[in-house]
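K.L.:
I'm passing along protein05.txt; it holds compact mmCIF, C-alpha atoms and all ligand atoms.
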```
# COMPACT_ATOMS: atom_id res chain seq x y z
CA MET Q 1 -37.79 22.11 22.35
CA THR Q 2 -40.72 24.10 23.72
CA ALA Q 3 -41.00 26.29 20.62
CA ALA Q 4 -40.89 23.25 18.38
CA PHE Q 5 -43.48 21.50 20.51
CA ASP Q 6 -45.71 24.57 20.39
CA ALA Q 7 -45.51 24.50 16.60
CA LEU Q 8 -46.51 20.87 16.63
CA THR Q 9 -49.43 21.41 18.93
CA ARG Q 10 -50.74 24.29 16.80
CA ALA Q 11 -50.66 22.05 13.74
CA ASP Q 12 -52.36 19.28 15.67
CA MET Q 13 -55.13 21.59 16.79
CA GLU Q 14 -55.88 22.58 13.24
CA ASP Q 15 -55.58 19.10 11.83
CA ALA Q 16 -57.24 16.89 14.34
CA ARG Q 17 -59.16 19.30 16.57
CA ILE Q 18 -57.75 17.66 19.68
CA ARG Q 19 -57.57 20.85 21.72
CA PRO Q 20 -58.68 19.33 25.05
CA GLY Q 21 -55.87 16.78 25.10
CA LEU Q 22 -53.06 19.20 24.36
CA ALA Q 23 -52.56 20.87 27.71
CA VAL Q 24 -52.38 17.47 29.32
CA ARG Q 25 -49.83 16.29 26.78
CA ARG Q 26 -47.67 19.37 27.29
CA ARG Q 27 -47.60 18.87 31.09
CA LEU Q 28 -46.80 15.22 30.51
CA LEU Q 29 -43.91 16.13 28.25
CA ASP Q 30 -42.43 18.52 30.82
CA ALA Q 31 -42.62 15.84 33.49
CA MET Q 32 -41.09 13.27 31.16
CA GLY Q 33 -38.02 15.51 30.66
CA TRP Q 34 -36.33 14.27 33.83
CA LEU Q 35 -37.92 10.83 33.84
CA THR Q 36 -36.43 9.92 30.46
CA THR Q 37 -32.90 11.30 31.01
CA PRO Q 38 -30.39 10.57 29.41
CA LEU Q 39 -32.70 10.12 26.41
CA LEU Q 40 -34.93 13.01 25.39
CA PRO Q 41 -38.74 12.77 25.56
CA ASP Q 42 -38.54 13.30 21.83
CA ASP Q 43 -37.00 9.85 21.38
CA TYR Q 44 -40.03 8.30 23.03
CA LEU Q 45 -42.50 10.53 21.21
CA GLY Q 46 -40.95 9.37 17.94
CA LEU Q 47 -41.81 5.83 18.97
CA VAL Q 48 -45.41 6.71 19.85
CA ASN Q 49 -46.04 8.82 16.74
CA ALA Q 50 -43.44 8.62 13.98
CA LEU Q 51 -44.29 12.15 12.81
CA TRP Q 52 -43.34 13.74 16.15
CA SER Q 53 -39.62 13.09 15.84
CA SER Q 54 -37.58 16.27 15.67
CA ARG Q 55 -34.39 14.39 14.86
CA GLU Q 56 -35.55 13.20 11.47
CA LEU Q 57 -38.13 14.72 9.15
CA ARG Q 58 -40.73 12.12 8.27
CA GLY Q 59 -44.00 11.87 6.42
CA ARG Q 60 -46.85 9.36 6.61
CA VAL Q 61 -48.49 8.14 3.41
CA GLU Q 62 -52.20 8.81 3.85
CA GLU Q 63 -53.52 8.06 0.39
CA VAL Q 64 -52.38 6.72 -2.96
CA ARG Q 65 -54.40 8.02 -5.91
CA PRO Q 66 -53.90 6.42 -9.30
CA GLU Q 67 -53.53 9.07 -12.03
CA THR Q 68 -52.83 6.93 -15.10
CA ALA Q 69 -51.96 3.26 -15.64
CA ASP Q 70 -48.38 3.91 -14.49
CA ALA Q 71 -48.55 7.04 -12.36
CA ALA Q 72 -49.98 7.81 -8.94
CA THR Q 73 -50.22 10.72 -6.53
CA ILE Q 74 -48.97 9.95 -3.03
CA VAL Q 75 -50.65 12.07 -0.37
CA ILE Q 76 -48.28 12.57 2.56
CA ARG Q 77 -48.77 14.14 5.95
CA PRO Q 78 -45.41 15.69 6.77
CA GLY Q 79 -44.24 15.53 10.35
CA ARG Q 80 -42.68 17.99 12.68
CA GLY Q 81 -40.07 20.16 10.97
CA TRP Q 82 -41.71 20.46 7.56
CA ALA Q 83 -41.27 24.15 6.69
CA GLY Q 84 -43.46 24.25 3.59
CA HIS Q 85 -42.48 24.69 -0.04
CA ARG Q 86 -42.78 26.96 -3.04
CA ALA Q 87 -44.67 25.73 -6.08
CA GLY Q 88 -42.16 24.04 -8.40
CA GLN Q 89 -39.77 22.82 -5.68
CA TYR Q 90 -38.97 19.19 -5.03
CA VAL Q 91 -38.62 17.06 -1.94
CA ARG Q 92 -36.08 14.29 -1.36
CA VAL Q 93 -37.85 11.17 -0.17
CA GLY Q 94 -36.23 8.25 1.66
CA VAL Q 95 -38.05 4.99 1.00
CA ASP Q 96 -37.30 1.70 2.76
CA ILE Q 97 -37.59 -1.21 0.35
CA ASP Q 98 -36.71 -4.71 1.53
CA GLY Q 99 -34.76 -3.28 4.44
CA VAL Q 100 -32.66 -0.83 2.41
CA ARG Q 101 -33.26 2.94 2.35
CA HIS Q 102 -33.25 4.59 -1.08
CA TRP Q 103 -33.38 8.33 -1.69
CA ARG Q 104 -35.05 9.90 -4.70
CA SER Q 105 -36.25 13.41 -5.54
CA TYR Q 106 -39.87 14.21 -6.43
CA SER Q 107 -41.43 17.53 -7.37
CA LEU Q 108 -44.24 18.55 -5.06
CA SER Q 109 -47.43 18.43 -7.10
CA SER Q 110 -49.53 20.07 -4.37
CA PRO Q 111 -49.77 23.83 -3.95
CA PRO Q 112 -48.03 25.30 -0.91
CA GLN Q 113 -50.05 25.64 2.29
CA ARG Q 114 -52.88 23.27 1.52
CA ALA Q 115 -55.65 23.74 4.04
CA ASP Q 116 -55.21 20.20 5.38
CA GLY Q 117 -51.42 20.57 5.79
CA ARG Q 118 -50.72 17.59 3.53
CA ILE Q 119 -48.35 17.51 0.56
CA THR Q 120 -48.40 15.38 -2.58
CA ILE Q 121 -45.86 13.95 -4.98
CA THR Q 122 -46.89 12.42 -8.27
CA VAL Q 123 -44.75 9.56 -9.46
CA LYS Q 124 -44.53 7.83 -12.83
CA ALA Q 125 -43.22 4.28 -12.63
CA THR Q 126 -39.97 4.05 -14.60
CA VAL Q 127 -39.44 0.82 -16.52
CA GLU Q 128 -36.89 -1.25 -14.57
CA GLY Q 129 -36.85 1.44 -11.87
CA LEU Q 130 -36.63 0.55 -8.20
CA VAL Q 131 -38.34 3.29 -6.16
CA SER Q 132 -40.91 4.66 -8.61
CA PRO Q 133 -42.70 1.30 -9.23
CA TYR Q 134 -42.74 0.76 -5.46
CA LEU Q 135 -44.37 4.16 -4.87
CA VAL Q 136 -46.89 3.74 -7.68
CA ARG Q 137 -47.90 0.10 -7.06
CA ARG Q 138 -46.82 -1.13 -3.63
CA VAL Q 139 -46.79 1.67 -1.10
CA ARG Q 140 -49.85 1.75 1.18
CA PRO Q 141 -51.38 4.29 3.57
CA GLY Q 142 -49.58 4.23 6.91
CA VAL Q 143 -46.09 3.76 5.47
CA ILE Q 144 -43.55 6.21 6.94
CA LEU Q 145 -41.22 7.98 4.50
CA ARG Q 146 -38.14 10.05 5.30
CA LEU Q 147 -38.18 13.59 3.93
CA VAL Q 148 -35.65 16.35 3.39
CA PRO Q 149 -37.02 19.93 3.39
CA ALA Q 150 -38.14 21.20 -0.01
CA GLU Q 151 -35.51 22.68 -2.28
CA GLY Q 152 -35.04 23.81 -5.87
CA GLU Q 153 -34.93 26.95 -7.99
CA PHE Q 154 -37.58 25.93 -10.52
CA VAL Q 155 -40.13 28.39 -9.17
CA LEU Q 156 -42.04 31.39 -10.48
CA PRO Q 157 -41.05 34.84 -9.26
CA ASP Q 158 -43.34 36.33 -6.60
CA GLU Q 159 -44.79 38.58 -9.29
CA PRO Q 160 -45.18 36.25 -12.30
CA PRO Q 161 -44.57 37.60 -15.81
CA ALA Q 162 -47.66 38.69 -17.75
CA ARG Q 163 -47.11 36.00 -20.40
CA LEU Q 164 -45.98 32.51 -19.52
CA LEU Q 165 -45.21 29.39 -21.50
CA PHE Q 166 -44.95 25.94 -19.90
CA VAL Q 167 -43.43 23.15 -21.98
CA THR Q 168 -43.80 19.79 -20.27
CA ALA Q 169 -43.88 16.08 -21.04
CA GLY Q 170 -44.76 12.96 -19.03
CA SER Q 171 -44.16 13.39 -15.30
CA GLY Q 172 -42.63 16.79 -16.06
CA ILE Q 173 -46.12 18.20 -15.52
CA THR Q 174 -45.79 17.73 -11.74
CA PRO Q 175 -43.94 20.94 -10.72
CA VAL Q 176 -45.99 22.90 -13.26
CA ALA Q 177 -49.23 21.51 -11.81
CA ALA Q 178 -48.27 23.06 -8.45
CA MET Q 179 -47.50 26.37 -10.19
CA LEU Q 180 -50.82 26.30 -12.06
CA HIS Q 181 -52.68 25.72 -8.79
CA GLY Q 182 -51.04 28.85 -7.42
CA LEU Q 183 -51.76 30.91 -10.54
CA VAL Q 184 -55.39 29.84 -10.70
CA ALA Q 185 -55.81 30.92 -7.08
CA ARG Q 186 -54.65 34.45 -7.98
CA ARG Q 187 -57.27 37.04 -8.85
CA GLU Q 188 -55.38 38.12 -11.98
CA MET Q 189 -54.22 35.02 -13.78
CA PRO Q 190 -51.47 35.81 -16.31
CA ASP Q 191 -51.75 34.70 -19.94
CA VAL Q 192 -50.56 31.08 -19.83
CA VAL Q 193 -49.84 28.62 -22.64
CA LEU Q 194 -49.22 25.02 -21.60
CA VAL Q 195 -47.78 22.68 -24.23
CA HIS Q 196 -47.83 19.18 -22.77
CA SER Q 197 -46.77 15.89 -24.36
CA ALA Q 198 -47.75 12.36 -23.41
CA ARG Q 199 -47.99 9.19 -25.43
CA ALA Q 200 -51.81 9.15 -25.55
CA PRO Q 201 -54.74 11.12 -24.05
CA GLU Q 202 -55.25 8.57 -21.27
CA GLU Q 203 -51.57 8.85 -20.30
CA VAL Q 204 -51.75 12.57 -19.55
CA ILE Q 205 -51.14 12.93 -15.82
CA PHE Q 206 -53.83 15.28 -14.40
CA GLY Q 207 -55.43 15.16 -17.88
CA ALA Q 208 -59.03 15.64 -16.71
CA GLN Q 209 -58.17 18.52 -14.34
CA LEU Q 210 -56.05 20.30 -16.94
CA ARG Q 211 -58.74 20.04 -19.60
CA THR Q 212 -61.47 21.24 -17.25
CA THR Q 213 -59.40 24.17 -16.00
CA ALA Q 214 -58.45 25.21 -19.54
CA ALA Q 215 -62.10 25.02 -20.63
CA ARG Q 216 -63.10 27.36 -17.77
CA LEU Q 217 -60.23 29.85 -17.95
CA PRO Q 218 -59.73 31.75 -21.21
CA SER Q 219 -56.28 32.90 -19.98
CA LEU Q 220 -55.05 29.28 -19.93
CA ARG Q 221 -54.51 27.65 -23.32
CA LEU Q 222 -53.68 23.94 -23.27
CA TYR Q 223 -52.06 22.16 -26.23
CA GLU Q 224 -51.78 18.42 -25.83
CA ARG Q 225 -49.36 16.54 -28.01
CA HIS Q 226 -49.94 12.77 -28.19
CA THR Q 227 -46.63 11.38 -29.29
CA ARG Q 228 -47.87 7.89 -30.19
CA THR Q 229 -49.87 9.36 -33.08
CA ASP Q 230 -48.28 12.81 -33.64
CA GLY Q 231 -44.60 12.12 -32.85
CA ARG Q 232 -42.45 14.17 -30.49
CA ILE Q 233 -42.80 17.90 -30.57
CA THR Q 234 -39.79 19.93 -31.64
CA MET Q 235 -39.20 23.41 -30.34
CA ALA Q 236 -39.27 24.69 -33.94
CA GLN Q 237 -42.94 23.54 -34.07
CA LEU Q 238 -43.75 25.83 -31.14
CA ARG Q 239 -44.05 28.67 -33.63
CA ASP Q 240 -47.38 27.18 -34.73
CA THR Q 241 -48.82 26.38 -31.32
CA CYS Q 242 -47.49 29.51 -29.61
CA PRO Q 243 -46.65 32.19 -32.18
CA ASP Q 244 -45.59 34.73 -29.51
CA TRP Q 245 -43.14 32.31 -27.82
CA ARG Q 246 -40.39 34.97 -28.01
CA GLN Q 247 -42.37 37.27 -25.74
CA ARG Q 248 -42.95 34.62 -23.07
CA HIS Q 249 -40.97 33.46 -20.06
CA VAL Q 250 -40.69 29.71 -20.23
CA TRP Q 251 -40.62 26.93 -17.64
CA ALA Q 252 -39.83 23.52 -19.15
CA CYS Q 253 -39.71 20.08 -17.55
CA GLY Q 254 -39.58 16.71 -19.27
CA PRO Q 255 -37.22 14.18 -20.84
CA THR Q 256 -33.58 15.02 -21.55
CA GLY Q 257 -34.00 15.21 -25.35
CA MET Q 258 -36.83 17.73 -25.10
CA LEU Q 259 -34.95 19.92 -22.62
CA ASP Q 260 -31.72 19.82 -24.64
CA ASP Q 261 -33.76 20.89 -27.68
CA ALA Q 262 -35.36 23.72 -25.70
CA GLU Q 263 -32.00 24.98 -24.42
CA ARG Q 264 -30.57 25.02 -27.97
CA HIS Q 265 -33.68 26.71 -29.32
CA TRP Q 266 -33.79 29.56 -26.79
CA ARG Q 267 -29.98 30.00 -26.93
CA ARG Q 268 -30.05 30.38 -30.71
CA ALA Q 269 -32.84 32.93 -30.37
CA GLY Q 270 -30.68 34.90 -27.93
CA LEU Q 271 -33.33 34.39 -25.25
CA ALA Q 272 -31.60 31.85 -22.98
CA ASP Q 273 -32.33 33.99 -19.91
CA ARG Q 274 -36.08 33.49 -20.43
CA LEU Q 275 -35.88 29.71 -20.22
CA HIS Q 276 -36.04 27.87 -16.88
CA VAL Q 277 -35.45 24.14 -16.97
CA GLU Q 278 -35.99 21.34 -14.43
CA ARG Q 279 -34.27 18.05 -15.22
CA PHE Q 280 -35.35 14.78 -13.62
CA ARG Q 281 -32.22 13.09 -14.95
CA SER Q 282 -28.78 14.58 -15.45
CA ALA Q 283 -27.64 15.35 -18.98
CA THR Q 284 -24.91 12.78 -19.59
CA ALA Q 285 -22.12 12.75 -22.10
CA SER Q 286 -22.29 9.62 -24.25
CA GLY Q 287 -19.83 7.38 -26.08
CA PHE Q 288 -17.58 6.36 -23.20
CA ARG Q 289 -17.41 2.68 -22.48
CA ALA Q 290 -14.12 1.52 -20.86
CA GLY Q 291 -14.56 0.92 -17.14
CA GLY Q 292 -12.77 -1.31 -14.65
CA ARG Q 293 -12.89 -3.05 -11.29
CA VAL Q 294 -14.26 -0.88 -8.49
CA ARG Q 295 -13.29 -1.65 -4.91
CA PHE Q 296 -15.36 -0.19 -2.06
CA LEU Q 297 -12.72 -0.20 0.66
CA ALA Q 298 -14.78 0.42 3.81
CA SER Q 299 -17.39 -2.23 2.99
CA GLY Q 300 -14.93 -4.71 1.50
CA ARG Q 301 -16.99 -5.18 -1.66
CA GLN Q 302 -16.04 -4.97 -5.29
CA ALA Q 303 -17.63 -5.08 -8.71
CA ASP Q 304 -16.77 -4.77 -12.39
CA ALA Q 305 -18.16 -1.58 -13.86
CA ASP Q 306 -18.52 -0.32 -17.40
CA GLY Q 307 -17.52 3.24 -18.16
CA ALA Q 308 -21.07 4.57 -18.36
CA THR Q 309 -22.71 3.39 -15.13
CA PRO Q 310 -22.53 5.79 -12.17
CA LEU Q 311 -20.42 4.46 -9.29
CA LEU Q 312 -23.50 5.06 -7.13
CA VAL Q 313 -25.41 2.41 -9.08
CA VAL Q 314 -22.38 0.09 -9.22
CA GLY Q 315 -22.13 0.27 -5.42
CA GLU Q 316 -25.85 -0.19 -4.82
CA ASN Q 317 -25.89 -3.24 -7.08
CA ALA Q 318 -22.92 -4.64 -5.16
CA GLY Q 319 -24.80 -4.25 -1.85
CA VAL Q 320 -22.83 -1.26 -0.57
CA LEU Q 321 -24.77 1.27 1.52
CA MET Q 322 -24.34 4.26 -0.79
CA PRO Q 323 -25.48 7.71 0.40
CA SER Q 324 -27.42 9.60 -2.25
CA GLY Q 325 -29.94 12.36 -2.83
CA CYS Q 326 -30.80 13.93 -6.16
CA ARG Q 327 -28.77 11.34 -8.15
CA MET Q 328 -27.96 13.96 -10.75
CA GLY Q 329 -25.03 15.99 -9.47
CA ILE Q 330 -26.86 18.74 -7.62
CA CYS Q 331 -26.94 18.02 -3.90
CA TYR Q 332 -23.53 16.46 -3.08
CA SER Q 333 -25.15 13.87 -0.76
CA CYS Q 334 -23.27 11.09 -2.55
CA VAL Q 335 -19.68 12.26 -2.22
CA ALA Q 336 -16.98 9.69 -1.44
CA ARG Q 337 -13.20 9.87 -1.33
CA LEU Q 338 -11.28 8.50 -4.29
CA ARG Q 339 -8.34 6.44 -3.06
CA SER Q 340 -6.84 5.40 -6.38
CA GLY Q 341 -7.65 5.20 -10.07
CA ARG Q 342 -9.42 7.58 -12.39
CA VAL Q 343 -13.08 8.43 -12.79
CA ARG Q 344 -15.04 10.08 -15.55
CA ASP Q 345 -17.60 12.84 -15.04
CA LEU Q 346 -20.63 11.54 -16.92
CA ARG Q 347 -21.95 15.04 -17.58
CA THR Q 348 -18.86 16.33 -19.32
CA GLY Q 349 -16.86 13.24 -20.22
CA ARG Q 350 -13.84 14.73 -18.41
CA GLU Q 351 -11.52 12.28 -16.65
CA HIS Q 352 -9.80 13.04 -13.37
CA GLY Q 353 -8.08 11.06 -10.64
CA ASP Q 354 -6.31 12.95 -7.86
CA GLU Q 355 -5.90 10.67 -4.86
CA GLY Q 356 -7.98 11.78 -1.87
CA VAL Q 357 -10.31 13.98 -3.88
CA LEU Q 358 -14.05 13.85 -3.14
CA ILE Q 359 -16.12 12.61 -6.07
CA GLN Q 360 -19.87 12.68 -6.67
CA THR Q 361 -20.61 9.00 -7.19
CA CYS Q 362 -23.94 9.70 -8.94
CA VAL Q 363 -22.26 11.40 -11.90
CA SER Q 364 -18.89 9.61 -11.90
CA ALA Q 365 -18.08 6.35 -13.67
CA ALA Q 366 -14.97 4.21 -13.55
CA ALA Q 367 -12.28 5.01 -16.11
CA GLY Q 368 -10.18 1.96 -15.23
CA ALA Q 369 -9.67 0.31 -11.83
CA VAL Q 370 -10.92 2.48 -8.97
CA ASP Q 371 -10.74 2.35 -5.17
CA ILE Q 372 -13.17 4.46 -3.16
CA ASP Q 373 -13.69 4.92 0.58
CA LEU Q 374 -17.15 3.50 1.08
C1 LIG Q 401 -35.49 17.47 -9.08
C2 LIG Q 401 -36.17 16.16 -9.48
C3 LIG Q 401 -37.56 16.09 -9.47
C4 LIG Q 401 -38.18 14.91 -9.86
N1 LIG Q 401 -39.54 14.86 -9.86
C5 LIG Q 401 -40.17 13.74 -10.26
C6 LIG Q 401 -41.60 13.67 -10.30
O1 LIG Q 401 -42.30 14.63 -9.94
N2 LIG Q 401 -42.19 12.52 -10.71
C7 LIG Q 401 -41.43 11.44 -11.11
O2 LIG Q 401 -42.02 10.41 -11.48
N3 LIG Q 401 -40.07 11.47 -11.09
C8 LIG Q 401 -39.43 12.58 -10.67
N4 LIG Q 401 -38.06 12.61 -10.63
C9 LIG Q 401 -37.30 11.38 -10.98
C10 LIG Q 401 -37.12 10.50 -9.73
O3 LIG Q 401 -36.26 11.13 -8.80
C11 LIG Q 401 -36.48 9.12 -10.06
O4 LIG Q 401 -35.32 9.33 -10.80
C12 LIG Q 401 -37.42 8.23 -10.86
O5 LIG Q 401 -38.62 8.01 -10.12
C13 LIG Q 401 -36.75 6.87 -11.15
O6 LIG Q 401 -36.39 6.29 -9.94
P1 LIG Q 401 -36.34 4.71 -9.80
O7 LIG Q 401 -35.76 4.39 -8.49
O8 LIG Q 401 -37.65 4.12 -10.13
O9 LIG Q 401 -35.33 4.30 -10.98
P2 LIG Q 401 -33.82 3.82 -10.79
O10 LIG Q 401 -33.83 2.51 -10.10
O11 LIG Q 401 -33.03 4.95 -10.20
O12 LIG Q 401 -33.37 3.67 -12.29
C14 LIG Q 401 -33.72 2.49 -13.05
C15 LIG Q 401 -33.57 2.73 -14.52
O13 LIG Q 401 -34.39 3.83 -14.93
C16 LIG Q 401 -33.61 4.85 -15.53
N5 LIG Q 401 -34.11 6.12 -15.00
C17 LIG Q 401 -33.79 6.68 -13.82
N6 LIG Q 401 -34.44 7.86 -13.66
C18 LIG Q 401 -35.24 8.02 -14.75
C19 LIG Q 401 -36.16 9.02 -15.17
N7 LIG Q 401 -36.41 10.12 -14.43
N8 LIG Q 401 -36.76 8.84 -16.37
C20 LIG Q 401 -36.51 7.75 -17.12
N9 LIG Q 401 -35.66 6.78 -16.78
C21 LIG Q 401 -35.02 6.90 -15.62
C22 LIG Q 401 -32.20 4.60 -15.09
O14 LIG Q 401 -31.28 5.03 -16.08
C23 LIG Q 401 -32.17 3.09 -14.92
O15 LIG Q 401 -31.93 2.46 -16.15
C24 LIG Q 401 -37.41 13.78 -10.25
C25 LIG Q 401 -36.01 13.87 -10.23
C26 LIG Q 401 -35.39 15.03 -9.85
C27 LIG Q 401 -33.88 15.10 -9.85
S1 LIG Q 402 -26.83 12.35 -5.22
FE1 LIG Q 402 -26.99 14.53 -5.39
S2 LIG Q 402 -25.02 15.06 -6.16
FE2 LIG Q 402 -24.98 12.93 -6.15
```
Can you dump the structure from the file as structure tokens?
P.N.:
Amino acid sequence: MTAAFDALTRADMEDARIRPGLAVRRRLLDAMGWLTTPLLPDDYLGLVNALWSSRELRGRVEEVRPETADAATIVIRPGRGWAGHRAGQYVRVGVDIDGVRHWRSYSLSSPPQRADGRITITVKATVEGLVSPYLVRRVRPGVILRLVPAEGEFVLPDEPPARLLFVTAGSGITPVAAMLHGLVARREMPDVVLVHSARAPEEVIFGAQLRTTAARLPSLRLYERHTRTDGRITMAQLRDTCPDWRQRHVWACGPTGMLDDAERHWRRAGLADRLHVERFRSATASGFRAGGRVRFLASGRQADADGATPLLVVGENAGVLMPSGCRMGICYSCVARLRSGRVRDLRTGREHGDEGVLIQTCVSAAAGAVDIDL
């Protein structure tokens, strides 16, 4: 408790320069220890300042900066317990919308250890999406978000390779933007090629910053592909834009089709170990349609599901409180026990149905009638 409080007070001193008030607050906290029993002072502090809670990692939205017509950067002050991040990692964000908490993952677009201690995520509103349009258009400064400490393997090694290639599209620029910040801050910037696709120049997230940085730094070459006029880039076309692509280590982030293409391309070249991919959506097997009635036993709800919709989405649409995290089969936050029936793994198309087994609802669809313990 004391160590954690010390960490908080240090951060406060840097952020808000409130040094004179701190000693008083610390003495107050000690005194409150016995006054508040059986609850901890922390419970009360969480009520006074939402960011002080040590039971739940939170962040306060401090600014919303529009980036393009459908994307915005959310500036967040993380609360007590935020342990920092590496450029390229993502954070799971819990957002309360109309009284229901939804969890989504967002790459951190800010470099680690910003001087002001704040972090940013940059969100593109997905058509018919739930959380992303809320974050881009409705969230306001002051709103409290839930956070889970940063995670993810899509990071550069401590000593980056001498030649790098980034292949990104749309909001896939976000983790790479954090990496570029870090590289630019280094004295010896490696030789970097960034091939980025967006529908039009005005839809390039961080377009102005990227162009300015590339104009100033000869070691950063930026190729923009505007798909509305030029069509989607294929990896075979990389030979023209980046003739030495074989010699480069590659970090790629963007839509499923582009990443599938990249994986095939580097595999065929025998260079799969040079390619690092971050997917915002899971790669799903297609062509399976037969579903069935899904019963959520603990909540007493049921719904008809097709054979392609994740049980997570089926449950959410039926009003069941479904736990979730990455929503793409990575984090296992969504597991539930299968009581009867068969489910299909949407990534592989494989069916399975052992009673009592734990299934990941975000990547499992009904393959007939299904009962699950939720
Ligand atoms: C590791 C990781 C990092 C991510 N980083 C970012 C980021 O930096 N910026 C960002 O904007 N998003 C990012 N995402 C995607 C983000 O987590 C959400 O999936 C996205 O914002 C859509 O959420 P939603 O609630 O609006 O849509 P939902 O309500 O979940 O989905 C609504 C509809 O949109 C479709 N859909 C869902 N996700 C996507 C998607 N990613 N692209 C296109 N269609 C989709 C669904 O199939 C559905 O039809 C990341 C995802 C992961 C796993
Ligand atoms: S939500 Fe992460 S594995 Fe299902």
K.L.:
List the spatial neighbours of Ile121 (chain Q) as an NGL selection string - criterion: any atom at most 7 Å away, all atoms listed in the file, same-chain residues fewer than 3 positions off excluded.
P.N.:
:Q and (73-75 or 106-109)
K.L.:
Can you report as JSON the centre and edge lengths in Å, to one decimal, of an axis-aligned box around the listed atoms of ligand LIG 401 (chain Q) padded with 3 Å on each side?
P.N.:
```
{"center_x": -36.8, "center_y": 10.0, "center_z": -12.8, "size_x": 17.0, "size_y": 21.0, "size_z": 14.6}
```
K.L.:
Please write as a tab-separated table (two decimals) with C-alpha atoms, keeping the file's coordinate frame the list of polymer residues whose atoms come within 8 Å of (-50.7, 24.6, -7.5), counting all atoms listed in the file and keeping to the coordinates of the file.
P.N.:
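Result file is out37.tsv:
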```tsv
chain	number	residue	atom	x	y	z
Q	87	ALA	CA	-44.67	25.73	-6.08
Q	109	SER	CA	-47.43	18.43	-7.10
Q	110	SER	CA	-49.53	20.07	-4.37
Q	111	PRO	CA	-49.77	23.83	-3.95
Q	112	PRO	CA	-48.03	25.30	-0.91
Q	176	VAL	CA	-45.99	22.90	-13.26
Q	177	ALA	CA	-49.23	21.51	-11.81
Q	178	ALA	CA	-48.27	23.06	-8.45
Q	179	MET	CA	-47.50	26.37	-10.19
Q	180	LEU	CA	-50.82	26.30	-12.06
Q	181	HIS	CA	-52.68	25.72	-8.79
Q	182	GLY	CA	-51.04	28.85	-7.42
Q	183	LEU	CA	-51.76	30.91	-10.54
Q	184	VAL	CA	-55.39	29.84	-10.70
```
K.L.:
When you count all atoms listed in the file, which of these residues is closest to ligand LIG 402 (chain Q): Q:Leu156, Q:Cys331, Q:Ala366, Q:Val294?
P.N.:
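Answer, going by the shortest atom-to-atom distance: Q:Cys331.
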K.L.:
Given all atoms listed in the file, how would the per-residue table for chain Q near ligand LIG 402 (chain Q) read, listing every residue at most 10 Å away with its closest atom pair and distance in Å to one decimal, sorted by chain and number, as CSV?
P.N.:
```
residue,atom,partner,partner_atom,distance
Q:Arg92,CA,Q:LIG402,FE1,9.9
Q:Trp103,CA,Q:LIG402,S1,8.5
Q:Arg104,CA,Q:LIG402,S1,8.6
Q:Ser105,CA,Q:LIG402,FE1,9.3
Q:Pro310,CA,Q:LIG402,FE2,9.7
Q:Leu312,CA,Q:LIG402,FE2,8.1
Q:Met322,CA,Q:LIG402,S1,9.6
Q:Pro323,CA,Q:LIG402,S1,7.4
Q:Ser324,CA,Q:LIG402,S1,4.1
Q:Gly325,CA,Q:LIG402,S1,3.9
Q:Cys326,CA,Q:LIG402,FE1,3.9
Q:Arg327,CA,Q:LIG402,S1,3.7
Q:Met328,CA,Q:LIG402,FE1,5.5
Q:Gly329,CA,Q:LIG402,S2,3.4
Q:Ile330,CA,Q:LIG402,S2,4.4
Q:Cys331,CA,Q:LIG402,FE1,3.8
Q:Tyr332,CA,Q:LIG402,S2,3.7
Q:Ser333,CA,Q:LIG402,S1,5.0
Q:Cys334,CA,Q:LIG402,FE2,4.4
Q:Val335,CA,Q:LIG402,FE2,6.6
Q:Ala336,CA,Q:LIG402,FE2,9.8
Q:Ile359,CA,Q:LIG402,FE2,8.9
Q:Gln360,CA,Q:LIG402,FE2,5.1
Q:Thr361,CA,Q:LIG402,FE2,6.0
Q:Cys362,CA,Q:LIG402,FE2,4.4
Q:Val363,CA,Q:LIG402,FE2,6.5
Q:Ser364,CA,Q:LIG402,FE2,9.0
```
K.L.:
What does the structure give for the distance between CA of Pro175 (chain Q) and CA of Pro243 (chain Q), in Å to one decimal?
P.N.:
24.4 Å
